[in-house]
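Report on the following structure.
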Amino acid sequence: MSSASEGRFLSSSVPLLTRPPRFATLLTDDGVPVEAVYEPCTTGAGTPGGAAGEGPAATPAIVVAHGFTGSADRPAVRRAARVFARRAAVVTFSFRGHGRSGGRSTVGDREVLDLAAAVAWARELGHSRVVTVGFSMGGSVVLRHGALYAAGPAETLTGRTTVRVPAREGRTGSAGAHPDAVVSVSAPARWYYRGTAPMRRLHWVVTRPSGRLVGRYGLRTRIATEDWDPVPLSPVAAVPLIAPAPLLLVHGDRDPYFPLDHPRMLAEAAGPDGAELWLERGMGHAENAADDALLARIADWATAAPRA
């Protein structure tokens, strides 16, 4: 992985009580530039008993994977980052085809490489413990990423196949790209689901030329025209492969996109001890519906979950 600072802040000789964010452009394993933002923990080490001023190695990092049509600078993502930053350092980024990142969205397929680059960057910055938190499309991506990347030698994506490869200099490869715990919020269990009106509209946006125009100019999301080939590992098939990393599944009982059979299917696939499931009363869909109290609970879980 390579990263380049954007240099958006002027230097000063006056010490800052709170360190400013760092902006970078990350290069994914398939060469797509991805915008990313790093924010240090705002309350010291961010771990129980941690003292203010401890370095990144003592502080967990949370990497946030946004939903389809989101980006690192969307209000809901920024709000989640602020809440998470009270307990951990935070990396936010824009998936390919979103925000200021390059490429085109593959709606959850090669986005795994974007997340891998962000996780590897968090480790490059000194964090020994990294937790991924994904919403909706990002929720499916963190599940597949958790399955495809493991501590030590890991599986990653090259071309159109899933193989074991060594890390490559200057690219993400598999070095440091594994998560220590995974949180998936409002994720689908299976691909091609069209059982709700919002999902039927989403499929129109993704699959039709007129829909992709709406996506590009109305939703600020550039969508790839190619069909998946092959179809990527489904979320429900990925879940059993995440262990031994801890897994938390969060879903609202008023989600208009994916009904409750999706999180229950994911939890069942994980096995009796493979995942913790939170069904949130009155919650809608993804980061827009997650209030500050829920985000704080997620951050508490993420920072307290045992290391894989």
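Residues in the structure tokens are named by chain (A, B, ... in the order shown) and by number from 1 within that chain; ligands are numbered from 1 in the order shown.
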
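Within 8 Å of region 138-143 of chain A there are Ala65, His66, Gly67, Phe68, Gly108, Asp109, Glu111, Val112, Leu115, Thr132, Val182, Val183, Ser184, Val185, Ser186, Ala187, Pro188, Ala189, Pro235, Ala238, Val239 and Ile242 of chain A, counting only C-alpha atoms and ignoring same-chain residues fewer than 6 positions away.
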
Give me the residues within 8 Å of Arg96 (chain A) as a PyMOL selection string, counting only C-alpha atoms and dropping any in the same chain fewer than 5 places off. chain A and resi 32-34+101-105+111+114

Report as an mmCIF file with all heavy atoms, in the first residue's frame all protein, DNA and RNA residues lying within 9 Å of Met283 (chain A), evaluated on only C-alpha atoms, omitting residues in the same chain fewer than 4 positions from it.
```cif
data_model
loop_
_atom_site.group_PDB
_atom_site.id
_atom_site.type_symbol
_atom_site.label_atom_id
_atom_site.label_comp_id
_atom_site.auth_asym_id
_atom_site.auth_seq_id
_atom_site.Cartn_x
_atom_site.Cartn_y
_atom_site.Cartn_z
ATOM 1 N N HIS A 251 -28.776 -4.950 13.575
ATOM 2 C CA HIS A 251 -29.822 -4.757 12.563
ATOM 3 C C HIS A 251 -31.049 -4.142 13.212
ATOM 4 O O HIS A 251 -31.413 -4.489 14.339
ATOM 5 C CB HIS A 251 -30.193 -6.100 11.922
ATOM 6 C CG HIS A 251 -30.656 -5.994 10.507
ATOM 7 N ND1 HIS A 251 -29.817 -6.126 9.432
ATOM 8 C CD2 HIS A 251 -31.892 -5.748 9.980
ATOM 9 C CE1 HIS A 251 -30.499 -5.988 8.309
ATOM 10 N NE2 HIS A 251 -31.770 -5.750 8.627
ATOM 11 N N GLY A 252 -31.700 -3.221 12.509
ATOM 12 C CA GLY A 252 -32.909 -2.593 13.008
ATOM 13 C C GLY A 252 -34.159 -3.369 12.640
ATOM 14 O O GLY A 252 -34.237 -3.942 11.554
ATOM 15 N N ASP A 253 -35.148 -3.361 13.538
ATOM 16 C CA ASP A 253 -36.382 -4.089 13.244
ATOM 17 C C ASP A 253 -37.324 -3.308 12.325
ATOM 18 O O ASP A 253 -38.389 -3.796 11.949
ATOM 19 C CB ASP A 253 -37.101 -4.499 14.534
ATOM 20 C CG ASP A 253 -37.632 -3.323 15.347
ATOM 21 O OD1 ASP A 253 -37.426 -2.152 14.939
ATOM 22 O OD2 ASP A 253 -38.264 -3.571 16.392
ATOM 23 N N ARG A 254 -36.912 -2.080 11.939
ATOM 24 C CA ARG A 254 -37.677 -1.300 10.966
ATOM 25 C C ARG A 254 -36.838 -0.988 9.732
ATOM 26 O O ARG A 254 -37.049 0.021 9.064
ATOM 27 C CB ARG A 254 -38.189 -0.009 11.609
ATOM 28 C CG ARG A 254 -39.220 -0.251 12.712
ATOM 29 C CD ARG A 254 -39.835 1.045 13.190
ATOM 30 N NE ARG A 254 -40.800 0.805 14.248
ATOM 31 C CZ ARG A 254 -41.495 1.757 14.873
ATOM 32 N NH1 ARG A 254 -41.309 3.019 14.533
ATOM 33 N NH2 ARG A 254 -42.356 1.455 15.823
ATOM 34 N N ASP A 255 -35.897 -1.845 9.438
ATOM 35 C CA ASP A 255 -35.045 -1.657 8.265
ATOM 36 C C ASP A 255 -35.893 -1.810 7.006
ATOM 37 O O ASP A 255 -36.452 -2.880 6.760
ATOM 38 C CB ASP A 255 -33.922 -2.699 8.273
ATOM 39 C CG ASP A 255 -32.844 -2.401 7.244
ATOM 40 O OD1 ASP A 255 -33.193 -2.076 6.094
ATOM 41 O OD2 ASP A 255 -31.655 -2.503 7.591
ATOM 42 N N LEU A 279 -30.580 -6.979 17.760
ATOM 43 C CA LEU A 279 -31.740 -6.530 16.998
ATOM 44 C C LEU A 279 -32.273 -5.279 17.680
ATOM 45 O O LEU A 279 -32.778 -5.340 18.800
ATOM 46 C CB LEU A 279 -32.795 -7.632 16.934
ATOM 47 C CG LEU A 279 -32.369 -8.919 16.211
ATOM 48 C CD1 LEU A 279 -33.486 -9.944 16.230
ATOM 49 C CD2 LEU A 279 -31.924 -8.617 14.775
ATOM 50 N N ALA A 289 -29.506 5.717 10.346
ATOM 51 C CA ALA A 289 -30.469 5.353 11.386
ATOM 52 C C ALA A 289 -29.805 5.028 12.716
ATOM 53 O O ALA A 289 -30.508 4.874 13.719
ATOM 54 C CB ALA A 289 -31.298 4.153 10.926
ATOM 55 N N ALA A 290 -28.499 4.912 12.757
ATOM 56 C CA ALA A 290 -27.792 4.580 13.996
ATOM 57 C C ALA A 290 -27.610 5.840 14.827
ATOM 58 O O ALA A 290 -26.883 6.754 14.425
ATOM 59 C CB ALA A 290 -26.441 3.944 13.682
ATOM 60 N N ASP A 291 -28.270 5.908 15.987
ATOM 61 C CA ASP A 291 -28.134 7.105 16.817
ATOM 62 C C ASP A 291 -26.835 7.055 17.618
ATOM 63 O O ASP A 291 -26.106 6.056 17.614
ATOM 64 C CB ASP A 291 -29.351 7.291 17.729
ATOM 65 C CG ASP A 291 -29.571 6.140 18.705
ATOM 66 O OD1 ASP A 291 -28.608 5.397 19.005
ATOM 67 O OD2 ASP A 291 -30.714 5.977 19.173
#
```

Any chance you could list, as an MDAnalysis selection string, the residues in region 182-289 of chain A that come up helix (DSSP H, G or I) when DSSP is run on the backbone? chainID A and resid 197:207 209:218 235:241 261:270 286:289

Could you pull out the strand (DSSP E or B) residues of region 63-273 of chain A from DSSP and send them as an MDAnalysis selection string? chainID A and resid 63:65 89:93 98 105 130:135 155:158 161:164 181:185 221 223 247:252

Put those residues in a file: C-alpha atoms, as a tab-separated table (two decimals), in the first residue's frame.
```tsv
chain	number	residue	atom	x	y	z
A	63	VAL	CA	-12.09	1.56	10.32
A	64	VAL	CA	-15.51	2.70	9.07
A	65	ALA	CA	-16.94	1.26	5.84
A	89	ALA	CA	-8.70	6.24	16.68
A	90	VAL	CA	-10.83	6.29	13.54
A	91	VAL	CA	-10.13	5.78	9.84
A	92	THR	CA	-12.85	6.78	7.41
A	93	PHE	CA	-12.53	6.44	3.65
A	98	HIS	CA	-17.64	7.38	-4.20
A	105	SER	CA	-18.32	1.09	-7.58
A	130	VAL	CA	-7.91	-2.69	14.26
A	131	VAL	CA	-11.67	-3.28	14.19
A	132	THR	CA	-13.78	-2.88	11.04
A	133	VAL	CA	-17.31	-1.42	11.27
A	134	GLY	CA	-19.42	-1.51	8.12
A	135	PHE	CA	-22.89	-0.24	7.26
A	155	GLU	CA	-6.33	-14.75	1.20
A	156	THR	CA	-6.84	-11.69	-0.95
A	157	LEU	CA	-8.16	-10.85	-4.39
A	158	THR	CA	-6.04	-10.84	-7.51
A	161	THR	CA	-9.95	-15.16	-8.48
A	162	THR	CA	-9.42	-15.61	-4.75
A	163	VAL	CA	-5.95	-16.96	-4.01
A	164	ARG	CA	-3.25	-16.85	-1.37
A	181	ALA	CA	-12.82	-7.89	15.18
A	182	VAL	CA	-15.71	-7.21	12.80
A	183	VAL	CA	-18.96	-5.25	13.20
A	184	SER	CA	-21.58	-5.46	10.45
A	185	VAL	CA	-24.60	-3.13	10.60
A	221	THR	CA	-21.79	7.55	-7.23
A	223	ILE	CA	-21.08	2.60	-10.91
A	247	LEU	CA	-18.15	-10.73	15.10
A	248	LEU	CA	-21.03	-8.41	16.00
A	249	LEU	CA	-24.17	-8.20	13.84
A	250	VAL	CA	-26.46	-5.18	14.29
A	251	HIS	CA	-29.82	-4.76	12.56
A	252	GLY	CA	-32.91	-2.59	13.01
```

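CA of Thr69 (chain A) to CA of Trp204 (chain A) spans 14.2 Å [interatomic distance, one decimal].
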
Which polymer residues have any atom within 10 Å of an atom of region 194-196 of chain A, counting only C-alpha atoms, with same-chain residues fewer than 5 positions away left out, as a PDB file with all heavy atoms, in the first residue's frame?
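What landed in out.pdb:
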```pdb
ATOM      1  N   ARG A 201     -35.513  -0.526  -6.266  1.00  0.00           N
ATOM      2  CA  ARG A 201     -35.010   0.738  -6.815  1.00  0.00           C
ATOM      3  C   ARG A 201     -33.490   0.715  -6.925  1.00  0.00           C
ATOM      4  O   ARG A 201     -32.923   1.194  -7.918  1.00  0.00           O
ATOM      5  CB  ARG A 201     -35.456   1.908  -5.929  1.00  0.00           C
ATOM      6  CG  ARG A 201     -36.947   2.212  -6.007  1.00  0.00           C
ATOM      7  CD  ARG A 201     -37.273   3.558  -5.392  1.00  0.00           C
ATOM      8  NE  ARG A 201     -37.032   3.590  -3.958  1.00  0.00           N
ATOM      9  CZ  ARG A 201     -37.946   3.289  -3.043  1.00  0.00           C
ATOM     10  NH1 ARG A 201     -39.173   2.913  -3.415  1.00  0.00           N
ATOM     11  NH2 ARG A 201     -37.664   3.355  -1.756  1.00  0.00           N
ATOM     12  N   LEU A 202     -32.822   0.159  -5.918  1.00  0.00           N
ATOM     13  CA  LEU A 202     -31.362   0.085  -5.968  1.00  0.00           C
ATOM     14  C   LEU A 202     -30.894  -0.763  -7.143  1.00  0.00           C
ATOM     15  O   LEU A 202     -29.930  -0.405  -7.828  1.00  0.00           O
ATOM     16  CB  LEU A 202     -30.823  -0.472  -4.651  1.00  0.00           C
ATOM     17  CG  LEU A 202     -29.297  -0.472  -4.486  1.00  0.00           C
ATOM     18  CD1 LEU A 202     -28.919  -0.232  -3.043  1.00  0.00           C
ATOM     19  CD2 LEU A 202     -28.679  -1.781  -4.966  1.00  0.00           C
ATOM     20  N   HIS A 203     -31.556  -1.885  -7.380  1.00  0.00           N
ATOM     21  CA  HIS A 203     -31.171  -2.722  -8.516  1.00  0.00           C
ATOM     22  C   HIS A 203     -31.357  -1.976  -9.840  1.00  0.00           C
ATOM     23  O   HIS A 203     -30.563  -2.150 -10.770  1.00  0.00           O
ATOM     24  CB  HIS A 203     -31.968  -4.027  -8.515  1.00  0.00           C
ATOM     25  CG  HIS A 203     -31.399  -5.069  -7.619  1.00  0.00           C
ATOM     26  ND1 HIS A 203     -31.686  -5.146  -6.278  1.00  0.00           N
ATOM     27  CD2 HIS A 203     -30.519  -6.078  -7.871  1.00  0.00           C
ATOM     28  CE1 HIS A 203     -31.032  -6.166  -5.744  1.00  0.00           C
ATOM     29  NE2 HIS A 203     -30.315  -6.743  -6.684  1.00  0.00           N
ATOM     30  N   PRO A 256     -35.999  -0.761   6.166  1.00  0.00           N
ATOM     31  CA  PRO A 256     -36.838  -0.868   4.967  1.00  0.00           C
ATOM     32  C   PRO A 256     -36.180  -1.625   3.826  1.00  0.00           C
ATOM     33  O   PRO A 256     -36.850  -1.948   2.840  1.00  0.00           O
ATOM     34  CB  PRO A 256     -37.071   0.597   4.593  1.00  0.00           C
ATOM     35  CG  PRO A 256     -35.848   1.304   5.075  1.00  0.00           C
ATOM     36  CD  PRO A 256     -35.430   0.585   6.339  1.00  0.00           C
ATOM     37  N   TYR A 257     -34.876  -1.895   3.937  1.00  0.00           N
ATOM     38  CA  TYR A 257     -34.151  -2.591   2.869  1.00  0.00           C
ATOM     39  C   TYR A 257     -34.110  -4.097   3.094  1.00  0.00           C
ATOM     40  O   TYR A 257     -34.415  -4.868   2.176  1.00  0.00           O
ATOM     41  CB  TYR A 257     -32.715  -2.050   2.771  1.00  0.00           C
ATOM     42  CG  TYR A 257     -32.609  -0.689   2.162  1.00  0.00           C
ATOM     43  CD1 TYR A 257     -32.846   0.455   2.926  1.00  0.00           C
ATOM     44  CD2 TYR A 257     -32.277  -0.520   0.822  1.00  0.00           C
ATOM     45  CE1 TYR A 257     -32.751   1.722   2.369  1.00  0.00           C
ATOM     46  CE2 TYR A 257     -32.173   0.744   0.254  1.00  0.00           C
ATOM     47  CZ  TYR A 257     -32.425   1.861   1.036  1.00  0.00           C
ATOM     48  OH  TYR A 257     -32.329   3.106   0.484  1.00  0.00           O
ATOM     49  N   PHE A 258     -33.694  -4.515   4.287  1.00  0.00           N
ATOM     50  CA  PHE A 258     -33.488  -5.931   4.561  1.00  0.00           C
ATOM     51  C   PHE A 258     -34.259  -6.332   5.817  1.00  0.00           C
ATOM     52  O   PHE A 258     -33.951  -5.841   6.909  1.00  0.00           O
ATOM     53  CB  PHE A 258     -31.999  -6.239   4.755  1.00  0.00           C
ATOM     54  CG  PHE A 258     -31.128  -5.783   3.616  1.00  0.00           C
ATOM     55  CD1 PHE A 258     -30.193  -4.781   3.797  1.00  0.00           C
ATOM     56  CD2 PHE A 258     -31.269  -6.355   2.357  1.00  0.00           C
ATOM     57  CE1 PHE A 258     -29.403  -4.341   2.753  1.00  0.00           C
ATOM     58  CE2 PHE A 258     -30.480  -5.927   1.304  1.00  0.00           C
ATOM     59  CZ  PHE A 258     -29.547  -4.919   1.495  1.00  0.00           C
ATOM     60  N   PRO A 259     -35.261  -7.205   5.696  1.00  0.00           N
ATOM     61  CA  PRO A 259     -36.014  -7.641   6.886  1.00  0.00           C
ATOM     62  C   PRO A 259     -35.160  -8.506   7.801  1.00  0.00           C
ATOM     63  O   PRO A 259     -34.012  -8.852   7.490  1.00  0.00           O
ATOM     64  CB  PRO A 259     -37.187  -8.411   6.290  1.00  0.00           C
ATOM     65  CG  PRO A 259     -36.729  -8.828   4.933  1.00  0.00           C
ATOM     66  CD  PRO A 259     -35.786  -7.772   4.454  1.00  0.00           C
TER      67      PRO A 259
END
```

What's around Gly274 (chain A) at 9 Å? Count only C-alpha atoms, leave out sequence neighbours fewer than 5 positions away in its own chain, and write the answer as a PyMOL selection string. chain A and resi 239-240+242-247+267-269

In terms of the shortest atom-to-atom distance over only C-alpha atoms, which of A:Ala118, A:Cys41, A:Val236, A:Leu125 is closest to Ala270 (chain A)? A:Val236
